[in-house]
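So this one's model_9.cif, mmCIF, C-alpha atoms:
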data_query
#
loop_
_atom_site.label_atom_id
_atom_site.label_comp_id
_atom_site.auth_asym_id
_atom_site.auth_seq_id
_atom_site.Cartn_x
_atom_site.Cartn_y
_atom_site.Cartn_z
CA MET J 1 66.59 69.98 102.44
CA SER J 2 66.90 72.34 105.43
CA GLU J 3 68.31 69.55 107.60
CA ARG J 4 70.91 68.82 104.94
CA LYS J 5 71.97 72.51 104.82
CA ASP J 6 72.11 72.68 108.63
CA SER J 7 74.24 69.54 108.68
CA LYS J 8 76.56 70.98 106.01
CA ASP J 9 76.82 74.29 107.86
CA GLN J 10 77.60 72.49 111.13
CA ARG J 11 80.24 70.34 109.39
CA GLN J 12 81.90 73.49 108.01
CA LEU J 13 81.87 75.19 111.42
CA GLU J 14 83.45 72.10 112.95
CA GLY J 15 85.90 72.07 110.03
CA TYR J 16 86.93 75.63 110.87
CA GLU J 17 87.70 74.70 114.47
CA THR J 18 89.45 71.46 113.47
CA MET J 19 91.61 73.25 110.91
CA LEU J 20 92.39 75.97 113.48
CA GLN J 21 93.56 73.27 115.90
CA ARG J 22 95.70 71.63 113.19
CA VAL J 23 97.32 74.91 112.26
CA THR J 24 98.09 75.55 115.93
CA ASP J 25 99.55 72.05 116.30
CA ALA J 26 101.68 72.42 113.16
CA LEU J 27 103.12 75.73 114.35
CA GLU J 28 103.75 74.41 117.87
CA GLN J 29 105.37 71.17 116.67
CA ALA J 30 107.73 73.09 114.40
CA GLY J 31 109.01 75.12 117.31
CA ASP J 32 111.41 77.99 116.76
CA GLU J 33 113.92 76.08 114.62
CA ALA J 34 111.87 75.18 111.56
CA GLN J 35 108.83 77.35 111.99
CA PRO J 36 106.47 76.91 109.06
CA ARG J 37 104.67 79.95 107.82
CA LEU J 38 100.96 80.36 108.31
CA ARG J 39 100.27 79.58 104.66
CA GLN J 40 102.15 76.25 104.88
CA ALA J 41 100.30 75.26 108.04
CA LEU J 42 96.96 76.17 106.47
CA ASP J 43 97.79 74.17 103.34
CA TRP J 44 98.61 71.14 105.48
CA ALA J 45 95.43 71.48 107.58
CA ARG J 46 93.30 71.97 104.47
CA GLN J 47 94.72 68.87 102.78
CA LYS J 48 94.28 66.80 105.94
CA ALA J 49 90.59 67.78 106.16
CA VAL J 50 90.10 66.67 102.56
CA ASP J 51 92.13 63.45 102.98
CA LEU J 52 90.04 62.48 106.02
CA ASN J 53 86.80 63.32 104.16
CA GLU J 54 85.89 65.87 106.82
CA LEU J 55 85.33 68.53 104.15
CA THR J 56 85.18 68.68 100.38
CA ALA J 57 88.13 70.30 98.63
CA GLU J 58 86.03 73.37 97.92
CA GLU J 59 84.85 73.67 101.54
CA ALA J 60 88.36 73.17 102.87
CA GLU J 61 89.75 75.85 100.53
CA ARG J 62 87.05 78.33 101.56
CA ILE J 63 87.54 77.63 105.28
CA SER J 64 91.31 77.85 104.89
CA GLU J 65 90.88 81.34 103.43
CA TYR J 66 88.53 82.32 106.27
CA LEU J 67 91.12 81.17 108.81
CA ARG J 68 93.94 82.98 107.00
CA ARG J 69 91.90 86.18 106.88
CA ASP J 70 90.96 86.00 110.57
CA VAL J 71 94.45 85.15 111.81
CA GLU J 72 96.19 87.79 109.67
CA ASP J 73 93.66 90.39 110.78
CA ALA J 74 94.25 89.46 114.43
CA ALA J 75 98.02 89.63 113.85
CA ARG J 76 97.69 93.12 112.34
CA PHE J 77 95.63 94.15 115.37
CA LEU J 78 98.35 92.89 117.73
CA ASP J 79 101.00 94.68 115.69
CA ARG J 80 99.31 98.08 115.81
CA ASP J 81 98.11 97.80 119.41
CA SER J 82 100.23 100.19 121.45
CA ASP J 83 98.49 99.66 124.78
CA GLY J 84 99.82 96.13 125.20
CA GLU J 85 96.27 94.78 125.07
CA ASP J 86 95.87 91.25 123.83
CA LEU J 87 93.18 89.90 121.52
CA ARG J 88 90.31 90.98 123.77
CA GLY J 89 90.09 94.21 121.80
CA TRP J 90 90.05 92.32 118.52
CA PHE J 91 87.28 89.99 119.61
CA ARG J 92 85.39 93.00 121.08
CA MET J 93 83.40 90.89 123.49
CA ASP J 94 83.58 89.63 127.01
CA MET J 95 86.20 86.90 127.19
CA GLN J 96 83.80 84.71 129.14
CA LEU J 97 81.60 84.55 126.06
CA ILE J 98 84.47 83.17 124.00
CA GLY J 99 85.57 79.64 124.64
CA SER J 100 89.04 79.56 126.16
CA TRP J 101 90.02 76.92 123.60
CA LEU J 102 89.22 79.29 120.72
CA TYR J 103 90.96 82.21 122.39
CA ASP J 104 94.09 80.14 123.07
CA ARG J 105 94.29 78.99 119.43
CA PHE J 106 93.88 82.48 118.05
CA SER J 107 96.38 83.92 120.52
CA THR J 108 99.01 81.35 119.62
CA ILE J 109 98.61 81.64 115.87
CA ALA J 110 98.08 85.40 115.73
CA ASP J 111 101.20 86.06 117.79
CA ARG J 112 103.32 83.84 115.55
CA THR J 113 101.76 85.43 112.47
CA ARG J 114 102.49 88.89 113.90
CA LEU J 115 106.13 87.87 114.24
CA GLU J 116 106.11 86.68 110.62
CA TRP J 117 104.64 90.06 109.57
CA LEU J 118 107.30 91.94 111.51
CA GLU J 119 110.10 89.90 109.92
CA LEU J 120 108.58 90.31 106.45
CA ASN J 121 108.25 94.08 106.98
CA ARG J 122 111.88 94.21 108.13
CA GLN J 123 112.93 92.32 104.99
CA TRP J 124 110.89 94.67 102.79
CA GLU J 125 112.39 97.66 104.56
CA GLU J 126 115.90 96.30 104.03
CA ALA J 127 115.12 95.38 100.40
CA GLY J 128 114.28 99.05 99.80
CA HIS J 129 117.86 100.04 100.56
CA TYR J 130 120.70 100.18 98.09
CA HIS J 131 124.34 99.67 99.03
CA THR J 132 127.69 100.70 97.63
CA GLY J 133 128.92 98.13 95.14
CA GLU J 134 125.44 97.06 94.05
CA ILE J 135 124.11 97.87 90.58
CA THR J 136 121.17 100.22 90.16
CA GLY J 137 119.13 101.38 87.22
CA PRO J 138 118.55 104.99 86.17
CA GLY J 139 117.12 107.32 88.77
CA GLU J 140 118.02 109.11 91.96
CA LEU J 141 119.41 107.62 95.16
CA ARG J 142 119.70 109.56 98.41
CA CYS J 143 122.33 108.79 101.05
CA SER J 144 120.76 107.50 104.26
CA ALA J 145 123.44 109.23 106.35
CA CYS J 146 123.64 112.76 104.89
CA ASN J 147 120.74 112.95 102.39
CA LYS J 148 123.01 113.84 99.46
CA ALA J 149 121.44 112.79 96.17
CA MET J 150 123.20 110.85 93.42
CA HIS J 151 121.71 110.75 89.91
CA PHE J 152 122.13 107.80 87.56
CA LYS J 153 121.38 108.26 83.85
CA ASN J 154 122.18 104.63 83.11
CA ALA J 155 122.55 101.42 85.04
CA GLY J 156 125.73 101.46 87.09
CA HIS J 157 127.53 100.43 90.25
CA ILE J 158 126.69 102.51 93.29
CA PRO J 159 129.76 104.35 94.60
CA PRO J 160 130.21 105.54 98.18
CA CYS J 161 128.38 108.80 98.88
CA PRO J 162 130.38 111.75 97.51
CA GLY J 163 129.28 113.81 100.54
CA CYS J 164 130.06 111.56 103.50
CA ARG J 165 131.38 108.28 102.03
CA GLY J 166 128.20 106.55 103.30
CA THR J 167 127.31 103.20 101.80
CA ARG J 168 123.54 102.95 102.24
CA PHE J 169 120.99 104.67 100.00
CA GLU J 170 117.26 104.90 99.32
CA ARG J 171 115.62 105.46 95.95
CA VAL J 172 113.96 108.85 95.60
CA THR J 173 110.48 108.61 94.12
CA ASP J 174 107.61 111.01 93.63
#

Let me see the file written as C-alpha coordinates.
Amino acid sequence: MSERKDSKDQRQLEGYETMLQRVTDALEQAGDEAQPRLRQALDWARQKAVDLNELTAEEAERISEYLRRDVEDAARFLDRDSDGEDLRGWFRMDMQLIGSWLYDRFSTIADRTRLEWLELNRQWEEAGHYHTGEITGPGELRCSACNKAMHFKNAGHIPPCPGCRGTRFERVTD
(Lines of atoms letter the chains of each structure in order from A and count residues from 1; the text may use other names and numbers.)
(Lines give C-alpha, C1' and ligand atoms only; values in the text may rest on other atoms or scores of the structure.)
Protein backbone atom coordinates (compact mmCIF):
# COMPACT_ATOMS: atom_id res chain seq x y z
CA MET A 1 0.00 0.00 0.00
CA SER A 2 2.86 2.39 0.84
CA GLU A 3 4.49 1.78 -2.54
CA ARG A 4 1.19 2.59 -4.25
CA LYS A 5 0.90 5.90 -2.31
CA ASP A 6 4.54 6.78 -3.09
CA SER A 7 3.91 6.05 -6.76
CA LYS A 8 0.76 8.19 -6.73
CA ASP A 9 2.57 11.03 -4.94
CA GLN A 10 5.44 10.86 -7.44
CA ARG A 11 2.99 10.88 -10.37
CA GLN A 12 1.31 13.99 -8.95
CA LEU A 13 4.64 15.76 -8.44
CA GLU A 14 5.59 14.94 -12.02
CA GLY A 15 2.12 16.11 -13.07
CA TYR A 16 2.75 19.47 -11.41
CA GLU A 17 5.98 19.97 -13.34
CA THR A 18 4.45 18.72 -16.61
CA MET A 19 1.46 21.03 -16.25
CA LEU A 20 3.79 23.92 -15.38
CA GLN A 21 5.72 23.25 -18.60
CA ARG A 22 2.49 23.11 -20.63
CA VAL A 23 1.25 26.37 -19.18
CA THR A 24 4.58 27.99 -20.02
CA ASP A 25 4.44 26.60 -23.56
CA ALA A 26 0.86 27.79 -24.07
CA LEU A 27 1.71 31.31 -22.93
CA GLU A 28 4.89 31.42 -25.04
CA GLN A 29 3.19 30.06 -28.18
CA ALA A 30 0.42 32.64 -27.92
CA GLY A 31 2.94 35.46 -27.95
CA ASP A 32 1.84 39.03 -27.40
CA GLU A 33 -0.95 39.05 -29.99
CA ALA A 34 -3.37 36.47 -28.61
CA GLN A 35 -2.07 35.98 -25.12
CA PRO A 36 -4.25 33.53 -23.23
CA ARG A 37 -4.88 34.21 -19.60
CA LEU A 38 -3.38 32.02 -16.93
CA ARG A 39 -6.73 30.36 -16.24
CA GLN A 40 -7.13 29.36 -19.92
CA ALA A 41 -3.61 27.94 -20.05
CA LEU A 42 -4.19 26.00 -16.83
CA ASP A 43 -7.48 24.62 -18.15
CA TRP A 44 -5.74 23.43 -21.30
CA ALA A 45 -2.84 21.84 -19.37
CA ARG A 46 -5.24 20.18 -16.93
CA GLN A 47 -7.34 18.68 -19.74
CA LYS A 48 -4.24 17.47 -21.58
CA ALA A 49 -3.00 15.65 -18.45
CA VAL A 50 -6.37 13.91 -18.16
CA ASP A 51 -6.60 13.12 -21.89
CA LEU A 52 -3.13 11.52 -21.82
CA ASN A 53 -4.03 9.56 -18.66
CA GLU A 54 -1.15 11.18 -16.79
CA LEU A 55 -3.49 12.20 -13.97
CA THR A 56 -7.06 11.55 -12.96
CA ALA A 57 -9.51 14.43 -13.43
CA GLU A 58 -9.53 15.00 -9.68
CA GLU A 59 -5.72 15.03 -9.44
CA ALA A 60 -5.40 17.33 -12.43
CA GLU A 61 -7.95 19.77 -10.96
CA ARG A 62 -6.16 19.83 -7.61
CA ILE A 63 -2.74 20.32 -9.22
CA SER A 64 -4.12 23.01 -11.50
CA GLU A 65 -5.31 24.91 -8.43
CA TYR A 66 -1.92 24.47 -6.76
CA LEU A 67 -0.21 25.89 -9.85
CA ARG A 68 -2.66 28.80 -10.07
CA ARG A 69 -2.13 29.62 -6.40
CA ASP A 70 1.67 29.48 -6.68
CA VAL A 71 1.89 31.50 -9.88
CA GLU A 72 -0.56 34.19 -8.73
CA ASP A 73 1.27 34.47 -5.41
CA ALA A 74 4.59 34.85 -7.24
CA ALA A 75 3.02 37.47 -9.52
CA ARG A 76 1.75 39.44 -6.51
CA PHE A 77 5.26 39.26 -5.03
CA LEU A 78 6.75 40.66 -8.25
CA ASP A 79 4.12 43.40 -8.33
CA ARG A 80 4.80 44.64 -4.80
CA ASP A 81 8.57 44.24 -4.96
CA SER A 82 10.03 47.73 -5.11
CA ASP A 83 13.69 46.74 -5.02
CA GLY A 84 13.64 45.25 -8.51
CA GLU A 85 14.43 41.83 -7.06
CA ASP A 86 13.25 38.86 -9.04
CA LEU A 87 11.72 35.65 -7.70
CA ARG A 88 14.69 34.83 -5.48
CA GLY A 89 12.95 36.60 -2.63
CA TRP A 90 9.74 34.67 -3.25
CA PHE A 91 11.49 31.31 -3.27
CA ARG A 92 13.49 32.38 -0.18
CA MET A 93 16.29 29.94 -0.85
CA ASP A 94 19.59 29.79 -2.61
CA MET A 95 18.98 29.72 -6.35
CA GLN A 96 21.44 26.86 -6.71
CA LEU A 97 19.07 24.69 -4.69
CA ILE A 98 16.27 25.35 -7.17
CA GLY A 99 16.48 23.74 -10.55
CA SER A 100 17.00 26.34 -13.25
CA TRP A 101 14.20 24.71 -15.25
CA LEU A 102 11.71 25.32 -12.42
CA TYR A 103 12.93 28.87 -11.86
CA ASP A 104 12.67 29.68 -15.58
CA ARG A 105 9.09 28.39 -15.76
CA PHE A 106 7.96 30.32 -12.72
CA SER A 107 9.71 33.48 -13.89
CA THR A 108 8.05 33.34 -17.29
CA ILE A 109 4.56 32.61 -16.03
CA ALA A 110 4.68 34.87 -12.97
CA ASP A 111 5.84 37.84 -15.03
CA ARG A 112 3.04 37.36 -17.56
CA THR A 113 0.55 36.86 -14.73
CA ARG A 114 1.82 40.05 -13.07
CA LEU A 115 1.14 41.90 -16.31
CA GLU A 116 -2.37 40.42 -16.37
CA TRP A 117 -2.89 41.60 -12.76
CA LEU A 118 -1.69 45.10 -13.62
CA GLU A 119 -4.04 45.31 -16.61
CA LEU A 120 -6.95 43.95 -14.57
CA ASN A 121 -6.24 46.47 -11.78
CA ARG A 122 -6.12 49.26 -14.37
CA GLN A 123 -9.48 48.11 -15.76
CA TRP A 124 -10.98 47.97 -12.25
CA GLU A 125 -9.59 51.42 -11.51
CA GLU A 126 -11.09 52.79 -14.71
CA ALA A 127 -14.40 50.98 -14.08
CA GLY A 128 -14.65 52.87 -10.78
CA HIS A 129 -14.85 56.17 -12.64
CA TYR A 130 -18.00 57.80 -13.93
CA HIS A 131 -18.10 60.11 -16.93
CA THR A 132 -20.32 62.91 -18.15
CA GLY A 133 -23.13 61.52 -20.28
CA GLU A 134 -23.26 58.18 -18.47
CA ILE A 135 -26.21 57.22 -16.27
CA THR A 136 -25.75 56.78 -12.54
CA GLY A 137 -27.99 55.68 -9.73
CA PRO A 138 -28.74 57.63 -6.56
CA GLY A 139 -25.79 58.73 -4.49
CA GLU A 140 -22.91 61.17 -4.49
CA LEU A 141 -20.25 61.63 -7.15
CA ARG A 142 -17.14 63.76 -6.66
CA CYS A 143 -15.34 65.49 -9.52
CA SER A 144 -11.87 64.05 -10.06
CA ALA A 145 -10.53 67.48 -11.08
CA CYS A 146 -11.89 69.85 -8.40
CA ASN A 147 -13.50 67.54 -5.78
CA LYS A 148 -16.91 69.23 -6.06
CA ALA A 149 -19.68 66.84 -5.05
CA MET A 150 -22.86 66.21 -7.03
CA HIS A 151 -25.84 64.50 -5.37
CA PHE A 152 -28.29 62.32 -7.25
CA LYS A 153 -31.65 61.48 -5.64
CA ASN A 154 -32.68 59.35 -8.60
CA ALA A 155 -31.02 57.69 -11.54
CA GLY A 156 -29.91 60.26 -14.07
CA HIS A 157 -27.39 61.33 -16.68
CA ILE A 158 -24.17 62.74 -15.28
CA PRO A 159 -23.69 66.37 -16.31
CA PRO A 160 -20.34 68.14 -16.51
CA CYS A 161 -19.08 69.29 -13.12
CA PRO A 162 -20.84 72.51 -12.07
CA GLY A 163 -17.58 73.72 -10.51
CA CYS A 164 -15.00 73.20 -13.26
CA ARG A 165 -16.87 71.55 -16.17
CA GLY A 166 -14.84 68.35 -15.53
CA THR A 167 -16.14 65.12 -16.99
CA ARG A 168 -14.70 62.42 -14.73
CA PHE A 169 -16.11 61.49 -11.33
CA GLU A 170 -15.74 58.96 -8.53
CA ARG A 171 -18.52 57.63 -6.31
CA VAL A 172 -18.32 58.81 -2.72
CA THR A 173 -18.80 55.98 -0.24
CA ASP A 174 -18.42 55.60 3.49

- Taking the point (89.2, 69.6, 105.7) as given in the file, collect each protein or nucleic acid residue that comes within 7 Å of it, counting all atoms listed in the file, and present the set as a ChimeraX atom specification. /J:15,19,45-50,53-56,60

Determine, counting all atoms listed in the file, which protein, DNA and RNA residues have an atom within 12 Å of an atom of Gln40 of chain J; residues of the same chain fewer than 2 positions away are not included. Present the result as a short mmCIF file (atom, residue, chain, number, x, y, z; two decimals) with C-alpha atoms, in the coordinates of the input.
data_model
loop_
_atom_site.label_atom_id
_atom_site.label_comp_id
_atom_site.auth_asym_id
_atom_site.auth_seq_id
_atom_site.Cartn_x
_atom_site.Cartn_y
_atom_site.Cartn_z
CA ARG J 22 95.70 71.63 113.19
CA VAL J 23 97.32 74.91 112.26
CA THR J 24 98.09 75.55 115.93
CA ALA J 26 101.68 72.42 113.16
CA LEU J 27 103.12 75.73 114.35
CA ALA J 30 107.73 73.09 114.40
CA ALA J 34 111.87 75.18 111.56
CA GLN J 35 108.83 77.35 111.99
CA PRO J 36 106.47 76.91 109.06
CA ARG J 37 104.67 79.95 107.82
CA LEU J 38 100.96 80.36 108.31
CA LEU J 42 96.96 76.17 106.47
CA ASP J 43 97.79 74.17 103.34
CA TRP J 44 98.61 71.14 105.48
CA ALA J 45 95.43 71.48 107.58
CA ARG J 46 93.30 71.97 104.47
CA GLN J 47 94.72 68.87 102.78
CA SER J 64 91.31 77.85 104.89
CA ARG J 68 93.94 82.98 107.00
CA THR J 113 101.76 85.43 112.47
#

- Query: Which residues, protein or nucleic acid, reach to within 8 Å of (121.9, 111.1, 96.6) in the file's coordinates when using all atoms listed in the file, and can you give that as a ChimeraX atom specification?
  - Reply: /J:140-143,147-151,161,169

Selected residues written out with C-alpha atoms, as a PDB file, in the coordinates of the input:
ATOM      1  CA  GLU J 140     118.020 109.110  91.960  1.00  0.00           C
ATOM      2  CA  LEU J 141     119.410 107.620  95.160  1.00  0.00           C
ATOM      3  CA  ARG J 142     119.700 109.560  98.410  1.00  0.00           C
ATOM      4  CA  CYS J 143     122.330 108.790 101.050  1.00  0.00           C
ATOM      5  CA  ASN J 147     120.740 112.950 102.390  1.00  0.00           C
ATOM      6  CA  LYS J 148     123.010 113.840  99.460  1.00  0.00           C
ATOM      7  CA  ALA J 149     121.440 112.790  96.170  1.00  0.00           C
ATOM      8  CA  MET J 150     123.200 110.850  93.420  1.00  0.00           C
ATOM      9  CA  HIS J 151     121.710 110.750  89.910  1.00  0.00           C
ATOM     10  CA  CYS J 161     128.380 108.800  98.880  1.00  0.00           C
ATOM     11  CA  PHE J 169     120.990 104.670 100.000  1.00  0.00           C
TER      12      PHE J 169
END

- Message: Let me make sure I understand: among J:Gln12, J:Ser7, J:Thr136, J:Gln29, which one has the smallest atom-to-atom distance to Gly156 of chain J if we use only C-alpha atoms?
- Response: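 The answer is J:Thr136, which sits nearest to Gly156 of chain J.
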
- Query: For the atom pair atom CA of Ile109 of chain J and atom CA of Arg62 of chain J, what is the interatomic distance in Å to one decimal place?
  - Reply: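 About the pair atom CA of Ile109 of chain J and atom CA of Arg62 of chain J: they are 18.7 Å apart.
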
- Separation of atom CA of Asn154 of chain J and atom CA of Gly139 of chain J, in Å?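 Interatomic distance here is 8.1 Å.
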
- Item | atom CA of Gly128 of chain J to atom CA of Pro160 of chain J, straight-line distance in Å |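 Atom-to-atom, atom CA of Pro160 of chain J and atom CA of Gly128 of chain J are spaced 17.3 Å apart.
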
Test item: axis-aligned box, all listed atoms of segment 160-173 of chain J, 5 Å on each side, centre and edges in Å rounded to one decimal, as lines of an AutoDock Vina configuration file:
center_x = 120.9
center_y = 108.4
center_z = 98.8
size_x = 30.9
size_y = 20.9
size_z = 19.4

- Item | Selected residue of minimal separation from Arg165 of chain J among J:Ser144, J:Phe152, J:Asp51, J:Ala41, counting all atoms listed in the file | J:Ser144
